[in-house]
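Q: Sending over a structure as structure tokens; questions will come in a sec.
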Amino acid sequence: MTDHSQAMTAKYRQDYQAPLYWIDSLDLDFQLQDPLCRVTAISRVRRNGEHNEVLALDGEHLQLVSVSIDGVACEQYELTDNQLRLSNLPAECVLTIVTDLDAAGNTALEGLYKSGDAYCTQCEAEGFRRITYYLDRPDILARYSTRITADKARYPYLLSNGNKVDSGDLDGGRHFVQWQDPFPKPSYLFALVAGDFDVERSHYTTQSGREVALEIFVDKGNLDRAGFAMESLVNAMRWDEQRFGLEYDLDIYMIVAVDFFNMGAMENKGLNVFNSKFVLANPATATDGDYHGIERVIAHEYFHNWTGNRVTCRDWFQLSLKEGLTVFRDQEFSSDLGSRGVNRINNVRTVRGPQFAEDAGPMAHPIRPDVVIEMNNFYTLTVYEKGAEVIRMLHTLLGEDAFQAGMRLYFERHDGSAATCDDFVQAMEDASGRDLGRFRRWYSQSGTPELTVTDDYDGDSGVYRLHVRQHTPPTQDQPQKLPLHIPFDIELYDEQGAVIPLQYQGQAIGNVLDVLEAEQTFVFDRVPVRPVPSLLRDFSAPVKLHYDYSEQALAFLMRHARNEFARWDAAQMLINKAVFDGVTRVQQGQEVELSATLLAAFVAILDEASLDPALKAEILTLPGEATLAELFEVVDIDAIHRVRDAIHTRLAEAFGPRLAATYDSLRLTGYQVVHADMAKRALKAVVLGYLAALDAERADALVREQYGAADNMTDTLAALQVANSHLLPCRAALLADFEGKWAQDGLVLDNWLRLVGAKPAADVLDEVKQAMSHPTFSIRNPNRLRALVGSFAMNNQVQFHARDGSGYRFLTDLLIELNSINPQVASRLITPLIQFKRLDEARKGLIRAELARLQGLPSLARDLYEKVSKALAQ
Ligand code: B3K
Ligand code: ZN
């Protein structure tokens, strides 16, 4: 990166221009070899209209060998460190470019790189330019054919997109395979894998009768961990046919699990590449949570085949077009297959916690960003999770039938092309006849809207009024905000918990109110008593709700709300009130106290025999410290921690002997990955945590027993987590035992690394540093890093924010090292250092100094540059 200023230039959504040239087909030839791989790329280039502009091809970290145009060697090109520029091209030509690249030296894990012994690729967003010079933008759709040649013994499997059309042996122990992908695609969906694997095989017959071969490639010896991923794939294929009417379109669907991967997985056409974390599972190695994660990610990447691949994005500002929509689809899949309530709760936790924090920080952006320096920085919670909430709001406003009609129209109009978010909303609008004019602002406006609700009731007339005010506070990227179209789902209850029908002057009113203006009043009549309102049911919009609920009303909703999510949400609000109150008390040197109303409401949940244990577990799980921090203007890290702890202990005392009884009632014989059992294990883990708060000695014995007897990773880890978070006497011995058992297995060892990082004690950094010299730890492996350092920096609030600045310094030192190894991973880990606005002045000062240290680096990667400079501009 010699031209520093140019590399850091921001790109604006408004500047989009259609490409000057098209590329209709690309024939790739890969010679995989040491030390450099050779790539020959033959493209059919077609000028877009009449002009004489240069063809500027993207390329980075490549060694150019030769260029020819229509078979004639070309010397008249201009080469910079990120472009190959060709002038005076005919209207159509065949361009042949030969380059060399260093896959083994590619530690950024973008482009073609080595994961262990295998070659693999990651091209989204702009990694293809590290493979060959190309128009590396998503609106260039070409037909690809790919020929791969490599040593046959070391790389018996040579894979790429589409269908295998030829293969054969060559001299010198080498062989080749030729692939052809019939579907035109953008370069970011290209994939290549070469290696030696075990293969899990199955097949699927689509609803129209197409036979599809399914193949999952895993490292040798891991075949006993591939079955669940295969089951999930088949479930996803069936679900997409049933719910969305969408079926698969190639003869083969391949998934490859690799250990070195920057994110979860990648939806390359016909050849998904996965982080092995989201493929490999058996009861001994994976937790229930891991199984859920695999099911979700396998489905997510499969669903991209339509929402992302068949219809792709015109430019990267439109990323949420595929990601928000595909997350919505995977959420619906998980909800249709499992518990809708529990899924909703967990999705909302992510939005209210880390996504709201993103909105409040220096990286705030709309789900369709307006300006980007490094595209990899915009694979965010806002684009993905808030993006999915925006799709969910459309679904709420339109209903399933009109929404599906909108999807059909979207595919009718845009299949095989690159589209925009506006195109999507237009299809929804045209298919449903609903005016989505104001709704479109969700795509252009950043930040978290706040709804402030008051109400009044007139007993004589039976009229009840809800006054709703909406306001979006300014964000770092956007000072001015406009009113949005907010679907506001409500229900009213009488004092027995019966639903009061919503009506006005003889007209029934639906549950979803259209909040459109800055201030609006909704009037209901024939309301026989002052109702208890259940507001923002199912989190019908990604907003903060302010309504002055009494503790009694919240306890009432915890018991009576008809909707599982609303019951959980009432419990959250009750805890939030207690935390808010508790922090004030602690700051004044007083003890934390909980009201009898709150305690009784939580005891009643534990006692409710007919309640799904999974939902019980969710309700009884206190919000995390980072989420609680969202409640405060100035965050008192230590007070929040103490208050949360105290609430946990008070609740444990109120539960008393019920805890041991519940724990015993939840013992299972044998391990099965089915909802009913997962629910019991989840509740058992929560109860064990309360037991530890109540009676550490007793808990120590129980934890040892559970750890010793467990026949599955879920119970094993639940025991370790309680030992770790309560620093039980057994902690050191159990952790050492676990480390000894799984020292060779990186994925399982990640659990140990997470526990080490989360140790709630002042010496945690010593243990973290020691863990970094574990033979299975490598700074080059993103999973290991995220497990250890991510858990320390994101889930160990008190120690990471230690007043002496040691946590900040540790992370910054690491980021400096990572800046040159893997900037993408560095840029994810920096999050807790840039979201410092609400910390006290002393901590802010310490963090600013560390960020300044980063900013002073002579070769700061774009990824970190963008975030550091925004953070320091706060
Ligand atoms: N589309 C990929 C994400 C690529 C991230 C690039 N930095 C996985 C997914 O969302 O399905
Ligand atoms: Zn995705």
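Residue names in the structure tokens use chain letters A, B, ... in the order shown, residue numbers from 1 in each chain, and ligand numbers from 1 in the order shown.
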Can you list, as a PyMOL selection string, every protein, DNA or RNA residue that comes within 7 Å of A:Phe128 when you count only C-alpha atoms, leaving out same-chain residues fewer than 3 positions away?

A: chain A and resi 111+123+131-132+136+187-188

Q: Give as a list of chain:residue names the residues surrounding ligand 2 up to a distance of 10 Å, considering only C-alpha atoms and all ligand atoms.

A: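 Protein and nucleic-acid residues within 10 Å of ligand 2: A:Gly264, A:Ala265, A:Met266, A:Glu267, A:Val297, A:Ala299, A:His300, A:Glu301, A:Tyr302, A:Phe303, A:His304, A:Thr307, A:Gly308, A:Leu319, A:Ser320, A:Lys322, A:Glu323, A:Gly324, A:Leu325, A:Thr326, A:Val327, A:Asp330, A:Tyr379, A:Tyr384.
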
Q: For the selection just defined, write its residues with C-alpha atoms to a file, as a PDB file, in the first residue's frame.

A:
```pdb
ATOM      1  CA  GLY A 264     -19.009 -17.895  10.105  1.00  0.00           C
ATOM      2  CA  ALA A 265     -19.400 -19.162   6.571  1.00  0.00           C
ATOM      3  CA  MET A 266     -19.680 -18.117   2.934  1.00  0.00           C
ATOM      4  CA  GLU A 267     -22.461 -18.766   0.446  1.00  0.00           C
ATOM      5  CA  VAL A 297     -25.702 -20.951   9.708  1.00  0.00           C
ATOM      6  CA  ALA A 299     -29.626 -22.692   6.659  1.00  0.00           C
ATOM      7  CA  HIS A 300     -28.509 -19.074   6.282  1.00  0.00           C
ATOM      8  CA  GLU A 301     -25.918 -19.893   3.632  1.00  0.00           C
ATOM      9  CA  TYR A 302     -28.341 -22.197   1.841  1.00  0.00           C
ATOM     10  CA  PHE A 303     -31.034 -19.487   1.769  1.00  0.00           C
ATOM     11  CA  HIS A 304     -28.537 -17.108   0.156  1.00  0.00           C
ATOM     12  CA  THR A 307     -31.526 -14.135  -1.645  1.00  0.00           C
ATOM     13  CA  GLY A 308     -27.993 -13.143  -2.548  1.00  0.00           C
ATOM     14  CA  LEU A 319     -25.504  -5.391   1.409  1.00  0.00           C
ATOM     15  CA  SER A 320     -28.577  -5.542   3.640  1.00  0.00           C
ATOM     16  CA  LYS A 322     -29.190  -9.945   0.861  1.00  0.00           C
ATOM     17  CA  GLU A 323     -28.072 -10.059   4.500  1.00  0.00           C
ATOM     18  CA  GLY A 324     -31.049  -8.519   6.306  1.00  0.00           C
ATOM     19  CA  LEU A 325     -33.404 -10.606   4.190  1.00  0.00           C
ATOM     20  CA  THR A 326     -31.428 -13.819   4.648  1.00  0.00           C
ATOM     21  CA  VAL A 327     -31.135 -13.328   8.405  1.00  0.00           C
ATOM     22  CA  ASP A 330     -32.948 -18.020   8.874  1.00  0.00           C
ATOM     23  CA  TYR A 379     -20.727  -6.680   7.868  1.00  0.00           C
ATOM     24  CA  TYR A 384     -27.512  -7.965   9.470  1.00  0.00           C
TER      25      TYR A 384
END
```

Q: Any idea what's packed within 10 Å of A:Asn563, counting only C-alpha atoms, ignoring anything in its chain fewer than 5 positions away? Could you give it as a list of chain:residue names?

A: A:Gly341, A:Glu491, A:Ser534, A:Arg537, A:Asp538, A:Leu557, A:Met558, A:Trp568, A:Asp569

Q: Output all heavy atoms for every residue in that selection, as a CSV table (one decimal), in the first residue's frame.

A:
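Generated file (out-v2.csv):
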```csv
chain,number,residue,atom,x,y,z
A,341,GLY,N,-40.8,-18.4,20.5
A,341,GLY,CA,-40.6,-17.5,21.6
A,341,GLY,C,-39.1,-17.3,22.0
A,341,GLY,O,-38.6,-16.2,22.0
A,491,GLU,N,-51.5,-4.9,23.0
A,491,GLU,CA,-52.6,-5.7,23.5
A,491,GLU,C,-53.0,-5.1,24.8
A,491,GLU,O,-52.2,-4.6,25.6
A,491,GLU,CB,-52.3,-7.2,23.6
A,491,GLU,CG,-53.5,-8.1,23.7
A,491,GLU,CD,-53.2,-9.5,23.3
A,491,GLU,OE1,-52.4,-10.2,24.1
A,491,GLU,OE2,-53.7,-10.0,22.3
A,534,SER,N,-49.9,-4.2,27.0
A,534,SER,CA,-48.7,-4.9,26.6
A,534,SER,C,-48.2,-4.2,25.4
A,534,SER,O,-48.9,-4.2,24.4
A,534,SER,CB,-49.1,-6.3,26.4
A,534,SER,OG,-48.0,-7.1,25.9
A,537,ARG,N,-45.2,-5.5,21.4
A,537,ARG,CA,-45.2,-7.0,21.5
A,537,ARG,C,-44.3,-7.6,20.5
A,537,ARG,O,-44.3,-7.1,19.3
A,537,ARG,CB,-46.6,-7.5,21.4
A,537,ARG,CG,-47.5,-7.0,22.5
A,537,ARG,CD,-48.8,-7.8,22.5
A,537,ARG,NE,-49.3,-8.1,21.2
A,537,ARG,CZ,-50.0,-9.2,20.9
A,537,ARG,NH1,-50.2,-10.1,21.9
A,537,ARG,NH2,-50.4,-9.4,19.7
A,538,ASP,N,-43.6,-8.6,20.8
A,538,ASP,CA,-42.7,-9.3,19.9
A,538,ASP,C,-41.6,-8.4,19.4
A,538,ASP,O,-41.0,-8.6,18.4
A,538,ASP,CB,-43.4,-9.9,18.7
A,538,ASP,CG,-43.6,-11.4,19.0
A,538,ASP,OD1,-42.8,-12.0,19.8
A,538,ASP,OD2,-44.6,-12.0,18.5
A,557,LEU,N,-47.9,-8.6,33.8
A,557,LEU,CA,-47.6,-9.1,32.4
A,557,LEU,C,-46.7,-10.3,32.4
A,557,LEU,O,-46.9,-11.2,31.5
A,557,LEU,CB,-46.9,-8.0,31.6
A,557,LEU,CG,-47.8,-6.8,31.3
A,557,LEU,CD1,-47.0,-5.6,30.6
A,557,LEU,CD2,-48.9,-7.2,30.3
A,558,MET,N,-45.8,-10.4,33.4
A,558,MET,CA,-45.0,-11.6,33.4
A,558,MET,C,-45.8,-12.9,33.6
A,558,MET,O,-45.5,-13.9,33.1
A,558,MET,CB,-44.0,-11.6,34.6
A,558,MET,CG,-42.7,-11.0,34.3
A,558,MET,SD,-41.7,-10.8,35.8
A,558,MET,CE,-41.1,-12.5,36.1
A,568,TRP,N,-41.4,-12.5,28.9
A,568,TRP,CA,-39.9,-12.4,29.1
A,568,TRP,C,-39.6,-10.9,29.1
A,568,TRP,O,-38.8,-10.4,30.0
A,568,TRP,CB,-39.2,-13.0,27.9
A,568,TRP,CG,-37.7,-12.7,27.9
A,568,TRP,CD1,-36.7,-13.3,28.6
A,568,TRP,CD2,-37.1,-11.7,27.1
A,568,TRP,NE1,-35.5,-12.7,28.3
A,568,TRP,CE2,-35.7,-11.7,27.4
A,568,TRP,CE3,-37.5,-10.8,26.1
A,568,TRP,CZ2,-34.8,-10.9,26.7
A,568,TRP,CZ3,-36.6,-9.9,25.5
A,568,TRP,CH2,-35.3,-10.0,25.8
A,569,ASP,N,-40.2,-10.1,28.2
A,569,ASP,CA,-39.9,-8.7,28.1
A,569,ASP,C,-40.3,-8.0,29.4
A,569,ASP,O,-39.5,-7.1,29.9
A,569,ASP,CB,-40.6,-8.1,26.9
A,569,ASP,CG,-39.9,-6.9,26.4
A,569,ASP,OD1,-38.7,-6.7,26.7
A,569,ASP,OD2,-40.6,-6.1,25.6
```

Q: What residues in stretch 462-614 of chain A get the DSSP label alpha helix (DSSP H)? Please answer as a PyMOL selection string.

A: chain A and resi 551-560+564-587+596-607+613-614

Q: Which residue gives the smallest distance to A:Glu866 among A:Pro528, A:Pro362, A:Pro613, A:Gly845, with only C-alpha atoms counted?

A: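 Using only C-alpha atoms, A:Glu866 sits closest to A:Pro362.
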
Q: Name the residues in contact with stretch 25-38 of chain A at a cut-off of 9 Å, using only C-alpha atoms, excluding same-chain residues fewer than 6 positions from it; report them as number ranges by chain.

A: A: 44-45, 98-104, 119, 141-151, 178, 184, 194
